[in-house]
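Enquirer: Next up, protein29.pdb (PDB, C-alpha atoms).
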```
ATOM      1  CA  ALA A 297       7.334  98.677 121.412
ATOM      2  CA  LEU A 298       4.054  96.916 120.638
ATOM      3  CA  ILE A 299       4.022  93.782 122.770
ATOM      4  CA  HIS A 300       1.646  91.556 124.728
ATOM      5  CA  GLY A 301       2.921  92.043 128.277
ATOM      6  CA  TYR A 302       5.783  93.486 130.304
ATOM      7  CA  PRO A 303       7.409  93.140 133.733
ATOM      8  CA  ASN A 304       6.476  93.303 136.522
ATOM      9  CA  PHE A 305       3.022  91.923 135.707
ATOM     10  CA  LYS A 306       4.282  89.547 132.988
ATOM     11  CA  ASN A 307       7.445  87.680 133.966
ATOM     12  CA  SER A 308       9.003  85.177 131.619
ATOM     13  CA  GLY A 309      12.197  85.077 129.610
ATOM     14  CA  ALA A 310      10.882  86.927 126.561
ATOM     15  CA  GLU A 311       9.579  89.876 128.564
ATOM     16  CA  TRP A 312      12.744  90.192 130.634
ATOM     17  CA  MET A 313      14.927  90.003 127.527
ATOM     18  CA  LEU A 314      13.070  92.986 126.063
ATOM     19  CA  HIS A 315      13.312  94.871 129.333
ATOM     20  CA  GLU A 316      17.086  94.414 129.491
ATOM     21  CA  MET A 317      17.280  95.696 125.898
ATOM     22  CA  PHE A 318      15.074  98.700 126.615
ATOM     23  CA  LYS A 319      16.752  99.529 129.923
ATOM     24  CA  PHE A 320      20.086  99.681 128.127
ATOM     25  CA  LEU A 321      18.653 101.958 125.436
ATOM     26  CA  VAL A 322      17.199 104.296 128.061
ATOM     27  CA  GLU A 323      20.586 104.420 129.782
ATOM     28  CA  LYS A 324      22.116 105.417 126.435
ATOM     29  CA  GLY A 325      19.696 108.336 126.161
ATOM     30  CA  HIS A 326      16.947 106.893 123.971
ATOM     31  CA  ASP A 327      13.225 107.252 124.692
ATOM     32  CA  VAL A 328      11.457 103.892 124.960
ATOM     33  CA  GLN A 329       7.696 103.519 125.224
ATOM     34  CA  VAL A 330       5.936 100.170 125.578
ATOM     35  CA  ARG A 331       2.289  99.618 124.648
ATOM     36  CA  VAL A 332       0.404  96.539 125.852
ATOM     37  CA  PRO A 333      -3.205  95.470 125.140
ATOM     38  CA  ILE A 334      -4.183  95.230 128.801
ATOM     39  CA  THR A 335      -6.763  97.892 129.597
ATOM     40  CA  GLU A 336      -6.785  97.366 133.355
ATOM     41  CA  ILE A 337      -3.179  98.453 133.928
ATOM     42  CA  LYS A 338      -2.300 101.994 134.870
ATOM     43  CA  PRO A 339       0.667 103.617 133.079
ATOM     44  CA  TYR A 340       3.941 103.098 134.926
ATOM     45  CA  THR A 341       7.686 103.477 134.465
ATOM     46  CA  LEU A 342      10.210 100.677 135.067
ATOM     47  CA  ASP A 343      13.917 101.573 134.937
ATOM     48  CA  GLY A 344      13.092 104.527 132.722
ATOM     49  CA  VAL A 345      10.929 102.514 130.304
ATOM     50  CA  ARG A 346       7.430 103.988 130.056
ATOM     51  CA  VAL A 347       4.630 101.414 129.852
ATOM     52  CA  GLY A 348       1.060 102.192 128.827
ATOM     53  CA  VAL A 349      -2.061 100.718 127.277
ATOM     54  CA  ASP A 350      -2.220 100.201 123.518
ATOM     55  CA  VAL A 351      -5.310 102.267 122.706
ATOM     56  CA  TYR A 352      -5.790 103.930 119.331
ATOM     57  CA  HIS A 353      -5.995 107.580 120.333
ATOM     58  CA  GLU A 354      -2.799 107.351 122.416
ATOM     59  CA  THR A 355      -0.759 104.884 120.362
ATOM     60  CA  LYS A 356      -1.344 106.492 116.942
ATOM     61  CA  PRO A 357       0.457 109.811 117.598
ATOM     62  CA  ASP A 358       3.382 108.007 119.244
ATOM     63  CA  LEU A 359       3.684 105.686 116.252
ATOM     64  CA  GLN A 360       3.681 108.687 113.931
ATOM     65  CA  GLU A 361       6.517 110.303 115.889
ATOM     66  CA  CYS A 362       8.677 107.265 116.689
ATOM     67  CA  ASP A 363      11.868 106.291 114.863
ATOM     68  CA  ILE A 364      11.441 102.528 115.099
ATOM     69  CA  VAL A 365       8.937  99.890 116.286
ATOM     70  CA  ILE A 366       9.980  96.754 118.177
ATOM     71  CA  THR A 367       7.695  93.762 118.653
ATOM     72  CA  HIS A 368       7.639  90.034 119.323
ATOM     73  CA  LEU A 369       5.458  86.949 119.792
ATOM     74  CA  ASN A 370       1.710  87.424 119.429
ATOM     75  CA  ARG A 371       1.814  91.188 118.758
ATOM     76  CA  GLN A 372       4.131  90.959 115.761
ATOM     77  CA  GLY A 373       1.208  90.738 113.322
ATOM     78  CA  ARG A 374      -0.250  94.050 114.526
ATOM     79  CA  ALA A 375       3.120  95.790 114.461
ATOM     80  CA  ILE A 376       4.017  94.493 110.998
ATOM     81  CA  ASN A 377       0.665  95.597 109.594
ATOM     82  CA  ILE A 378       1.095  99.104 111.022
ATOM     83  CA  CYS A 379       4.663  99.427 109.761
ATOM     84  CA  ASP A 380       3.741  98.040 106.349
ATOM     85  CA  GLU A 381       1.340 100.955 106.021
ATOM     86  CA  THR A 382       3.559 103.656 107.511
ATOM     87  CA  LYS A 383       6.925 102.184 106.406
ATOM     88  CA  LYS A 384       8.306 102.791 109.873
ATOM     89  CA  PRO A 385      11.291 100.511 110.564
ATOM     90  CA  CYS A 386      10.071  97.425 112.446
ATOM     91  CA  VAL A 387      12.213  94.916 114.343
ATOM     92  CA  VAL A 388      10.768  91.529 115.278
ATOM     93  CA  VAL A 389      12.524  89.786 118.182
ATOM     94  CA  HIS A 390      12.418  85.999 117.773
ATOM     95  CA  HIS A 391      12.510  83.894 120.943
ATOM     96  CA  ASN A 392      11.803  80.554 119.265
ATOM     97  CA  PRO A 393      12.171  78.868 115.867
ATOM     98  CA  HIS A 394       8.458  78.987 115.043
ATOM     99  CA  GLY A 395       8.070  80.795 111.753
ATOM    100  CA  PHE A 396       5.658  83.571 110.829
ATOM    101  CA  ALA A 397       5.011  83.207 107.097
ATOM    102  CA  ILE A 398       4.318  86.876 106.447
ATOM    103  CA  ILE A 399       7.841  88.030 107.379
ATOM    104  CA  PRO A 400       9.723  86.879 104.232
ATOM    105  CA  HIS A 401       6.971  88.308 102.037
ATOM    106  CA  LYS A 402       7.386  91.761 103.572
ATOM    107  CA  HIS A 403      11.120  91.893 102.840
ATOM    108  CA  ASN A 404      12.134  94.489 100.277
ATOM    109  CA  PRO A 405      15.365  93.730  98.376
ATOM    110  CA  THR A 406      16.051  97.442  97.872
ATOM    111  CA  PRO A 407      17.884  98.757 100.973
ATOM    112  CA  GLN A 408      16.297 102.213 100.832
ATOM    113  CA  ASP A 409      12.836 100.639 100.798
ATOM    114  CA  ARG A 410      13.407  98.087 103.547
ATOM    115  CA  TRP A 411      11.560  98.429 106.816
ATOM    116  CA  LEU A 412      11.407  94.926 108.408
ATOM    117  CA  TYR A 413      14.302  93.474 110.405
ATOM    118  CA  CYS A 414      14.923  90.571 112.813
ATOM    119  CA  ILE A 415      16.746  89.981 116.082
ATOM    120  CA  TYR A 416      17.248  86.314 117.007
ATOM    121  CA  ASN A 417      17.887  85.158 120.565
ATOM    122  CA  SER A 418      20.368  82.453 119.498
ATOM    123  CA  GLU A 419      22.323  81.180 116.527
ATOM    124  CA  HIS A 420      20.097  78.112 116.620
ATOM    125  CA  VAL A 421      16.967  80.219 116.093
ATOM    126  CA  LYS A 422      18.634  82.272 113.369
ATOM    127  CA  LYS A 423      19.753  79.161 111.506
ATOM    128  CA  THR A 424      16.287  77.613 111.731
ATOM    129  CA  LEU A 425      14.457  80.698 110.480
ATOM    130  CA  THR A 426      16.889  81.736 107.745
ATOM    131  CA  LEU A 427      17.023  78.294 106.121
ATOM    132  CA  PRO A 428      14.152  76.491 104.298
ATOM    133  CA  PRO A 429      11.275  76.140 104.845
ATOM    134  CA  HIS A 430      11.139  79.606 106.493
ATOM    135  CA  SER A 431      14.005  81.293 104.615
ATOM    136  CA  TYR A 432      13.798  84.707 106.274
ATOM    137  CA  PRO A 433      15.822  87.109 104.082
ATOM    138  CA  ASN A 434      15.518  90.113 106.415
ATOM    139  CA  PRO A 435      18.651  91.873 107.719
ATOM    140  CA  SER A 436      19.259  90.515 111.207
ATOM    141  CA  MET A 437      21.504  90.017 114.196
ATOM    142  CA  VAL A 438      21.775  87.573 117.090
ATOM    143  CA  LEU A 439      21.376  88.953 120.605
ATOM    144  CA  TYR A 440      21.642  86.418 123.402
ATOM    145  CA  PRO A 441      19.158  87.322 126.150
ATOM    146  CA  PRO A 442      21.123  89.736 128.337
ATOM    147  CA  VAL A 443      21.054  89.053 132.066
ATOM    148  CA  ASP A 444      22.122  91.768 134.501
ATOM    149  CA  PRO A 445      23.913  89.945 137.360
ATOM    150  CA  LYS A 446      22.695  92.557 139.855
ATOM    151  CA  ARG A 447      19.091  91.506 139.237
ATOM    152  CA  VAL A 448      19.649  87.777 139.831
ATOM    153  CA  LYS A 449      22.559  87.431 142.235
ATOM    154  CA  ALA A 450      21.640  85.831 145.576
ATOM    155  CA  LYS A 451      23.098  83.651 148.281
ATOM    156  CA  LYS A 452      22.012  80.221 147.069
ATOM    157  CA  GLY A 453      19.839  77.900 149.096
ATOM    158  CA  THR A 454      19.208  74.187 149.587
ATOM    159  CA  LYS A 455      16.463  73.093 147.185
ATOM    160  CA  VAL A 456      16.216  71.384 143.806
ATOM    161  CA  THR A 457      14.277  73.842 141.654
ATOM    162  CA  LEU A 458      12.204  73.924 138.488
ATOM    163  CA  ILE A 459      11.083  77.285 137.070
ATOM    164  CA  ASN A 460       7.771  76.955 135.194
ATOM    165  CA  CYS A 461       5.863  73.786 136.043
ATOM    166  CA  TRP A 462       4.312  73.453 132.582
ATOM    167  CA  PRO A 463       4.710  69.883 131.203
ATOM    168  CA  ASP A 464       6.814  71.139 128.269
ATOM    169  CA  LYS A 465       9.240  72.580 130.821
ATOM    170  CA  GLY A 466       9.207  69.337 132.805
ATOM    171  CA  GLY A 467       6.568  69.910 135.473
ATOM    172  CA  ASP A 468       5.485  66.260 135.427
ATOM    173  CA  LEU A 469       9.077  64.963 135.456
ATOM    174  CA  PHE A 470       9.903  67.307 138.336
ATOM    175  CA  ALA A 471       7.039  65.874 140.408
ATOM    176  CA  ALA A 472       8.103  62.314 139.569
ATOM    177  CA  ILE A 473      11.691  62.995 140.622
ATOM    178  CA  ALA A 474      10.534  64.543 143.897
ATOM    179  CA  ALA A 475       8.392  61.472 144.616
ATOM    180  CA  ARG A 476      11.464  59.294 144.116
ATOM    181  CA  MET A 477      13.583  61.416 146.464
ATOM    182  CA  PRO A 478      11.597  62.036 149.681
ATOM    183  CA  ASP A 479      14.789  63.021 151.529
ATOM    184  CA  LYS A 480      15.385  66.010 149.220
ATOM    185  CA  LYS A 481      13.605  69.370 149.237
ATOM    186  CA  PHE A 482      12.184  70.662 145.942
ATOM    187  CA  LEU A 483      10.923  74.056 144.777
ATOM    188  CA  GLY A 484       8.503  74.487 141.880
ATOM    189  CA  VAL A 485       8.033  78.036 140.575
ATOM    190  CA  LYS A 486       4.854  78.721 138.643
ATOM    191  CA  GLY A 487       5.468  79.957 135.111
ATOM    192  CA  GLY A 488       4.846  83.363 133.606
ATOM    193  CA  TYR A 489       2.806  81.744 130.824
ATOM    194  CA  ALA A 490       0.793  78.544 130.313
ATOM    195  CA  GLU A 491      -0.645  79.433 133.717
ATOM    196  CA  THR A 492      -3.596  77.021 133.395
ATOM    197  CA  LYS A 493      -1.320  74.086 132.499
ATOM    198  CA  GLN A 494       0.994  74.104 135.497
ATOM    199  CA  VAL A 495       1.583  70.669 137.048
ATOM    200  CA  ILE A 496       1.045  71.152 140.773
ATOM    201  CA  VAL A 497       1.368  67.930 142.755
ATOM    202  CA  SER A 498       0.979  67.692 146.502
ATOM    203  CA  HIS A 499       4.129  66.145 147.988
ATOM    204  CA  PRO A 500       5.467  66.861 151.465
ATOM    205  CA  ASN A 501       8.918  67.625 150.020
ATOM    206  CA  ILE A 502       7.739  70.085 147.301
ATOM    207  CA  GLU A 503       7.207  73.785 147.903
ATOM    208  CA  TYR A 504       5.459  75.735 145.139
ATOM    209  CA  MET A 505       6.080  79.449 144.658
ATOM    210  CA  GLU A 506       4.000  81.937 142.718
ATOM    211  CA  ASN A 507       5.497  83.591 139.661
ATOM    212  CA  THR A 508       7.526  86.608 140.757
ATOM    213  CA  PRO A 509       9.501  89.463 139.179
ATOM    214  CA  ASP A 510      12.001  89.188 142.039
ATOM    215  CA  ILE A 511      13.954  86.184 140.794
ATOM    216  CA  LYS A 512      16.476  86.558 143.628
ATOM    217  CA  LYS A 513      13.859  85.006 145.906
ATOM    218  CA  VAL A 514      13.990  81.857 143.794
ATOM    219  CA  TYR A 515      17.763  81.514 143.672
ATOM    220  CA  ALA A 516      18.038  82.244 147.389
ATOM    221  CA  LYS A 517      16.242  78.913 147.884
ATOM    222  CA  THR A 518      18.001  76.973 145.118
ATOM    223  CA  ARG A 519      20.980  74.612 145.202
ATOM    224  CA  ILE A 520      20.394  72.810 141.881
ATOM    225  CA  LEU A 521      18.303  73.980 138.913
ATOM    226  CA  LEU A 522      16.503  71.461 136.709
ATOM    227  CA  MET A 523      15.677  72.264 133.073
ATOM    228  CA  PRO A 524      14.098  69.120 131.568
ATOM    229  CA  SER A 525      12.444  71.166 128.810
ATOM    230  CA  ILE A 526      11.220  69.572 125.605
ATOM    231  CA  ARG A 527      12.563  72.635 123.806
ATOM    232  CA  GLU A 528      14.554  75.733 124.715
ATOM    233  CA  SER A 529      15.707  78.216 122.091
ATOM    234  CA  TYR A 530      18.401  79.500 124.463
ATOM    235  CA  GLY A 531      17.660  79.301 128.189
ATOM    236  CA  ARG A 532      17.829  82.582 130.073
ATOM    237  CA  THR A 533      17.037  80.781 133.334
ATOM    238  CA  ALA A 534      20.201  78.724 132.946
ATOM    239  CA  VAL A 535      22.280  81.907 132.713
ATOM    240  CA  GLU A 536      20.657  83.283 135.868
ATOM    241  CA  ALA A 537      21.454  80.094 137.760
ATOM    242  CA  MET A 538      25.040  79.904 136.488
ATOM    243  CA  ILE A 539      25.657  83.512 137.597
ATOM    244  CA  ASN A 540      24.893  82.211 141.099
ATOM    245  CA  GLY A 541      27.169  79.184 140.716
ATOM    246  CA  ILE A 542      24.129  76.897 140.746
ATOM    247  CA  PRO A 543      24.636  73.679 138.743
ATOM    248  CA  VAL A 544      22.055  73.222 135.994
ATOM    249  CA  ILE A 545      20.882  69.764 134.938
ATOM    250  CA  ALA A 546      19.187  70.030 131.560
ATOM    251  CA  HIS A 547      17.752  68.081 128.673
ATOM    252  CA  PRO A 548      20.247  68.611 125.823
ATOM    253  CA  THR A 549      18.205  70.900 123.572
ATOM    254  CA  VAL A 550      20.190  72.661 120.857
ATOM    255  CA  GLY A 551      19.495  76.020 122.474
ATOM    256  CA  LEU A 552      20.545  74.977 125.976
ATOM    257  CA  LYS A 553      23.786  73.489 124.691
ATOM    258  CA  GLU A 554      24.486  76.753 122.865
ATOM    259  CA  CYS A 555      23.732  78.640 126.060
ATOM    260  CA  MET A 556      25.524  76.580 128.690
ATOM    261  CA  GLY A 557      28.319  74.912 126.733
ATOM    262  CA  GLU A 558      30.575  73.022 129.108
ATOM    263  CA  GLY A 559      29.026  74.789 132.075
ATOM    264  CA  GLY A 560      25.917  72.597 132.072
ATOM    265  CA  ILE A 561      25.040  68.995 132.919
ATOM    266  CA  TYR A 562      23.016  67.213 130.221
ATOM    267  CA  ILE A 563      20.662  64.257 130.706
ATOM    268  CA  ASP A 564      17.893  63.063 128.399
ATOM    269  CA  ARG A 565      14.521  63.915 129.893
ATOM    270  CA  ALA A 566      13.292  60.352 129.264
ATOM    271  CA  ASP A 567      15.860  58.870 131.671
ATOM    272  CA  ILE A 568      14.425  59.661 135.104
ATOM    273  CA  ASP A 569      16.861  57.258 136.789
ATOM    274  CA  ALA A 570      19.780  59.332 135.486
ATOM    275  CA  TRP A 571      18.237  62.563 136.809
ATOM    276  CA  VAL A 572      17.809  61.033 140.260
ATOM    277  CA  ALA A 573      21.355  59.662 140.188
ATOM    278  CA  LYS A 574      22.870  63.008 139.167
ATOM    279  CA  ILE A 575      21.019  64.916 141.890
ATOM    280  CA  ASN A 576      22.300  62.387 144.438
ATOM    281  CA  GLU A 577      25.798  62.618 142.992
ATOM    282  CA  LEU A 578      25.848  66.359 143.629
ATOM    283  CA  ASP A 579      25.575  65.626 147.355
ATOM    284  CA  ASP A 580      29.316  64.956 147.116
ATOM    285  CA  PRO A 581      30.937  68.309 148.084
ATOM    286  CA  ASP A 582      33.790  67.932 145.600
ATOM    287  CA  LYS A 583      31.504  67.087 142.683
ATOM    288  CA  TYR A 584      29.136  69.909 143.581
ATOM    289  CA  GLU A 585      32.047  72.353 143.778
ATOM    290  CA  ALA A 586      33.329  71.250 140.378
ATOM    291  CA  ALA A 587      29.881  71.668 138.814
ATOM    292  CA  SER A 588      29.457  75.059 140.473
ATOM    293  CA  LYS A 589      32.838  76.280 139.203
ATOM    294  CA  ALA A 590      32.000  75.137 135.662
ATOM    295  CA  ALA A 591      28.712  77.046 135.826
ATOM    296  CA  LEU A 592      30.413  80.195 137.119
ATOM    297  CA  ALA A 593      33.088  80.016 134.435
ATOM    298  CA  ARG A 594      30.465  79.831 131.688
ATOM    299  CA  ALA A 595      28.502  82.693 133.287
ATOM    300  CA  LYS A 596      31.629  84.871 133.215
ATOM    301  CA  GLU A 597      32.105  84.144 129.503
ATOM    302  CA  ILE A 598      28.517  85.197 128.821
ATOM    303  CA  GLU A 599      28.772  88.303 130.995
ATOM    304  CA  ALA A 600      31.922  89.460 129.185
ATOM    305  CA  ASP A 601      29.874  89.924 125.999
ATOM    306  CA  ARG A 602      26.676  91.326 127.549
ATOM    307  CA  LEU A 603      27.392  95.036 127.207
ATOM    308  CA  PRO A 604      29.259  94.691 123.874
ATOM    309  CA  SER A 605      26.286  92.760 122.467
ATOM    310  CA  LEU A 606      23.873  95.470 123.623
ATOM    311  CA  GLU A 607      26.106  98.050 121.958
ATOM    312  CA  ARG A 608      25.861  96.019 118.744
ATOM    313  CA  MET A 609      22.093  95.969 119.137
ATOM    314  CA  GLU A 610      21.976  99.764 119.444
ATOM    315  CA  THR A 611      24.096 100.083 116.299
ATOM    316  CA  PHE A 612      21.795  97.650 114.475
ATOM    317  CA  LEU A 613      18.713  99.674 115.436
ATOM    318  CA  MET A 614      20.311 102.961 114.419
ATOM    319  CA  LYS A 615      21.302 101.525 111.043
ATOM    320  CA  ALA A 616      17.735 100.256 110.557
ATOM    321  CA  ILE A 617      16.416 103.755 111.257
ATOM    322  CA  LYS A 618      18.899 105.253 108.767
ATOM    323  CA  LYS A 619      18.172 102.519 106.186
ATOM    324  CA  GLU A 620      21.800 101.414 106.205
ATOM    325  CA  LEU A 621      21.132  97.671 106.543
TER     326      LEU A 621
END
```
Take the structure in this file and express it as structure tokens.

Expert:
Amino acid sequence: ALIHGYPNFKNSGAEWMLHEMFKFLVEKGHDVQVRVPITEIKPYTLDGVRVGVDVYHETKPDLQECDIVITHLNRQGRAINICDETKKPCVVVHHNPHGFAIIPHKHNPTPQDRWLYCIYNSEHVKKTLTLPPHSYPNPSMVLYPPVDPKRVKAKKGTKVTLINCWPDKGGDLFAAIAARMPDKKFLGVKGGYAETKQVIVSHPNIEYMENTPDIKKVYAKTRILLMPSIRESYGRTAVEAMINGIPVIAHPTVGLKECMGEGGIYIDRADIDAWVAKINELDDPDKYEAASKAALARAKEIEADRLPSLERMETFLMKAIKKEL
């Protein structure tokens, strides 16, 4: 895997999605090596996944020997260029609907000459990238970001939480809501990216927490999760919260609605009065219990397909290696 960062030093949804994929593959007996362009890290192993620095003299022999290359986000250009030259199978994991113009041009219509494939993190992303103007023709599959309940399950707490205080995730709205509700306790968790753009506002009722790989610490303090994001391609954080029976109030992005279904609560991010009213409404024990049960029910639906979907991913990768796609 040629990627930009990896847990535990890089912790956001994209990195944890890849780790859940790779951990599963290791458990199935595959050898997974990750290379990142961060020279100051020392090689380490996480759940059987070996992580090292992407330097030429070490990466080149591994690339020559590997069966398949996986990449995403801002390292996809490097990986595609390498695989274009070597014709190693390459899988790009797409976490958002932002296109990369080179991908359709590298598609080969002849199956035995194909080498570039796509995994999308939602049907919404797949639809966006396979229709004009992007029109990706590459063989593909959808893999919803898998979430291992053992990694996120905690005894929930008392606070109203936002994970990633970047404005696009709602950091400014979160601070405004907290200012309107001095009787409530809020928790803002700093994001794993856009680190210089975090909205950190001093309020006596807001606690801010550093970004952490141990997400249980967050949910152990959380009673309600807010997701007033401008955009979400899926919403891994929502799944983590629902596993804990934590109600999620979210802006109705296409991705979040695909993720949460009837298990979520949807309010337009422009209507701050409605957000305040809904948080107050969940003080009612019966209404909170109903919202919690809806979240848990949706989490169980998602969990039922987690391992089957990872099995489908393994099959997809093996077919790409064998040029059967």

Enquirer: Specify as a short mmCIF file (atom, residue, chain, number, x, y, z; two decimals) with C-alpha atoms, in the coordinates of the input each residue included when the PyMOL selection byres ((chain A and resi 450-465) around 8) is applied to this file.

Expert:
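Wrote it out as out.cif, contents follow:
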```cif
data_model
loop_
_atom_site.label_atom_id
_atom_site.label_comp_id
_atom_site.auth_asym_id
_atom_site.auth_seq_id
_atom_site.Cartn_x
_atom_site.Cartn_y
_atom_site.Cartn_z
CA VAL A 448 19.65 87.78 139.83
CA LYS A 449 22.56 87.43 142.24
CA GLY A 466 9.21 69.34 132.80
CA GLY A 467 6.57 69.91 135.47
CA ASP A 468 5.48 66.26 135.43
CA LEU A 469 9.08 64.96 135.46
CA PHE A 470 9.90 67.31 138.34
CA LYS A 480 15.38 66.01 149.22
CA LYS A 481 13.60 69.37 149.24
CA PHE A 482 12.18 70.66 145.94
CA LEU A 483 10.92 74.06 144.78
CA GLY A 484 8.50 74.49 141.88
CA VAL A 485 8.03 78.04 140.57
CA LYS A 486 4.85 78.72 138.64
CA GLY A 487 5.47 79.96 135.11
CA GLY A 488 4.85 83.36 133.61
CA ALA A 490 0.79 78.54 130.31
CA GLU A 491 -0.64 79.43 133.72
CA LYS A 493 -1.32 74.09 132.50
CA GLN A 494 0.99 74.10 135.50
CA VAL A 495 1.58 70.67 137.05
CA ILE A 496 1.04 71.15 140.77
CA LYS A 512 16.48 86.56 143.63
CA LYS A 513 13.86 85.01 145.91
CA TYR A 515 17.76 81.51 143.67
CA ALA A 516 18.04 82.24 147.39
CA LYS A 517 16.24 78.91 147.88
CA THR A 518 18.00 76.97 145.12
CA ARG A 519 20.98 74.61 145.20
CA ILE A 520 20.39 72.81 141.88
CA LEU A 521 18.30 73.98 138.91
CA LEU A 522 16.50 71.46 136.71
CA MET A 523 15.68 72.26 133.07
CA PRO A 524 14.10 69.12 131.57
CA SER A 525 12.44 71.17 128.81
CA ILE A 526 11.22 69.57 125.60
CA ARG A 527 12.56 72.64 123.81
CA THR A 533 17.04 80.78 133.33
CA ASN A 540 24.89 82.21 141.10
CA ILE A 542 24.13 76.90 140.75
#
```

Enquirer: Which one of A:Pro604, A:Tyr489, A:Gly301, A:Glu620 sits closest to Asn507 of chain A if you count all atoms listed in the file?

Expert: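 The closest residue to Asn507 of chain A is A:Tyr489.
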
Enquirer: Within 10 Å of segment 555-558 of chain A, counting all atoms listed in the file, which residues show up once you throw out same-chain ones fewer than 4 positions away? Write them as a PDB file with C-alpha atoms, keeping the file's coordinate frame, please.

Expert:
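Just written: out-v4.pdb:
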```pdb
ATOM      1  CA  SER A 418      20.368  82.453 119.498  1.00  0.00           C
ATOM      2  CA  GLU A 419      22.323  81.180 116.527  1.00  0.00           C
ATOM      3  CA  TYR A 440      21.642  86.418 123.402  1.00  0.00           C
ATOM      4  CA  PRO A 441      19.158  87.322 126.150  1.00  0.00           C
ATOM      5  CA  GLU A 528      14.554  75.733 124.715  1.00  0.00           C
ATOM      6  CA  SER A 529      15.707  78.216 122.091  1.00  0.00           C
ATOM      7  CA  TYR A 530      18.401  79.500 124.463  1.00  0.00           C
ATOM      8  CA  GLY A 531      17.660  79.301 128.189  1.00  0.00           C
ATOM      9  CA  ARG A 532      17.829  82.582 130.073  1.00  0.00           C
ATOM     10  CA  ALA A 534      20.201  78.724 132.946  1.00  0.00           C
ATOM     11  CA  VAL A 535      22.280  81.907 132.713  1.00  0.00           C
ATOM     12  CA  MET A 538      25.040  79.904 136.488  1.00  0.00           C
ATOM     13  CA  VAL A 544      22.055  73.222 135.994  1.00  0.00           C
ATOM     14  CA  ALA A 546      19.187  70.030 131.560  1.00  0.00           C
ATOM     15  CA  PRO A 548      20.247  68.611 125.823  1.00  0.00           C
ATOM     16  CA  THR A 549      18.205  70.900 123.572  1.00  0.00           C
ATOM     17  CA  VAL A 550      20.190  72.661 120.857  1.00  0.00           C
ATOM     18  CA  GLY A 551      19.495  76.020 122.474  1.00  0.00           C
ATOM     19  CA  TYR A 562      23.016  67.213 130.221  1.00  0.00           C
ATOM     20  CA  ALA A 587      29.881  71.668 138.814  1.00  0.00           C
ATOM     21  CA  ALA A 590      32.000  75.137 135.662  1.00  0.00           C
ATOM     22  CA  ALA A 591      28.712  77.046 135.826  1.00  0.00           C
ATOM     23  CA  ALA A 593      33.088  80.016 134.435  1.00  0.00           C
ATOM     24  CA  ARG A 594      30.465  79.831 131.688  1.00  0.00           C
ATOM     25  CA  ALA A 595      28.502  82.693 133.287  1.00  0.00           C
ATOM     26  CA  ILE A 598      28.517  85.197 128.821  1.00  0.00           C
TER      27      ILE A 598
END
```

Enquirer: For segment 331-333 of chain A, find every residue with an atom within 12 Å (counting all atoms listed in the file), except residues of its own chain fewer than 4 positions away, and show them as a ChimeraX atom specification.

Expert: /A:297-303,305-306,311,337-341,345-352,354-356,358-359,365-368,370-371,374-375

Enquirer: Just give me the gap between atom CA of Asp510 of chain A and atom CA of Val389 of chain A in Å, one decimal is fine.

Expert: 23.9 Å

Enquirer: Could you tell me how far atom CA of Met614 of chain A sits from atom CA of Ile364 of chain A, in Å to one decimal place?

Expert: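 Going from atom CA of Ile364 of chain A over to atom CA of Met614 of chain A, I get 8.9 Å.
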
Enquirer: Would you mind reading off the distance between atom CA of Val572 of chain A and atom CA of His547 of chain A, one decimal, in Å?

Expert: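 Spanning atom CA of Val572 of chain A to atom CA of His547 of chain A is a straight-line distance of 13.6 Å.
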
Enquirer: Written as a PyMOL selection string, what is the full residue list that the PyMOL selection byres ((chain A and resi 312-326) around 7) yields on the file shown?

Expert: chain A and resi 303+307-311+327-328+343-345+441-442+606

Enquirer: Take the residues that were just selected and, keeping C-alpha atoms, output them as a PDB file, keeping the file's coordinate frame.

Expert:
```pdb
ATOM      1  CA  PRO A 303       7.409  93.140 133.733  1.00  0.00           C
ATOM      2  CA  ASN A 307       7.445  87.680 133.966  1.00  0.00           C
ATOM      3  CA  SER A 308       9.003  85.177 131.619  1.00  0.00           C
ATOM      4  CA  GLY A 309      12.197  85.077 129.610  1.00  0.00           C
ATOM      5  CA  ALA A 310      10.882  86.927 126.561  1.00  0.00           C
ATOM      6  CA  GLU A 311       9.579  89.876 128.564  1.00  0.00           C
ATOM      7  CA  ASP A 327      13.225 107.252 124.692  1.00  0.00           C
ATOM      8  CA  VAL A 328      11.457 103.892 124.960  1.00  0.00           C
ATOM      9  CA  ASP A 343      13.917 101.573 134.937  1.00  0.00           C
ATOM     10  CA  GLY A 344      13.092 104.527 132.722  1.00  0.00           C
ATOM     11  CA  VAL A 345      10.929 102.514 130.304  1.00  0.00           C
ATOM     12  CA  PRO A 441      19.158  87.322 126.150  1.00  0.00           C
ATOM     13  CA  PRO A 442      21.123  89.736 128.337  1.00  0.00           C
ATOM     14  CA  LEU A 606      23.873  95.470 123.623  1.00  0.00           C
TER      15      LEU A 606
END
```

Enquirer: From the list A:Trp411, A:Tyr416, A:Trp571, A:Phe612, which residue is nearest Ala474 of chain A when using all atoms listed in the file?

Expert: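 Distance minimum relative to Ala474 of chain A lands on A:Trp571.
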
Enquirer: Can you pull out the residues contacting segment 382-385 of chain A? Cut-off 8 Å, using only C-alpha atoms, and skip same-chain residues under 2 positions away; I want them as an MDAnalysis selection string.

Expert: chainID A and resid 363:365 378:380 387 410:413 616:617

Enquirer: Residues near His499 of chain A, anyone? I mean within 9 Å using all atoms listed in the file, not counting same-chain ones fewer than 3 positions away, as a PDB file with C-alpha atoms, in the frame of the given file.

Expert:
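To be explicit, this is the file written out as selection25.pdb:
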```pdb
ATOM      1  CA  ALA A 471       7.039  65.874 140.408  1.00  0.00           C
ATOM      2  CA  ALA A 474      10.534  64.543 143.897  1.00  0.00           C
ATOM      3  CA  ALA A 475       8.392  61.472 144.616  1.00  0.00           C
ATOM      4  CA  PRO A 478      11.597  62.036 149.681  1.00  0.00           C
ATOM      5  CA  ILE A 502       7.739  70.085 147.301  1.00  0.00           C
ATOM      6  CA  GLU A 503       7.207  73.785 147.903  1.00  0.00           C
TER       7      GLU A 503
END
```
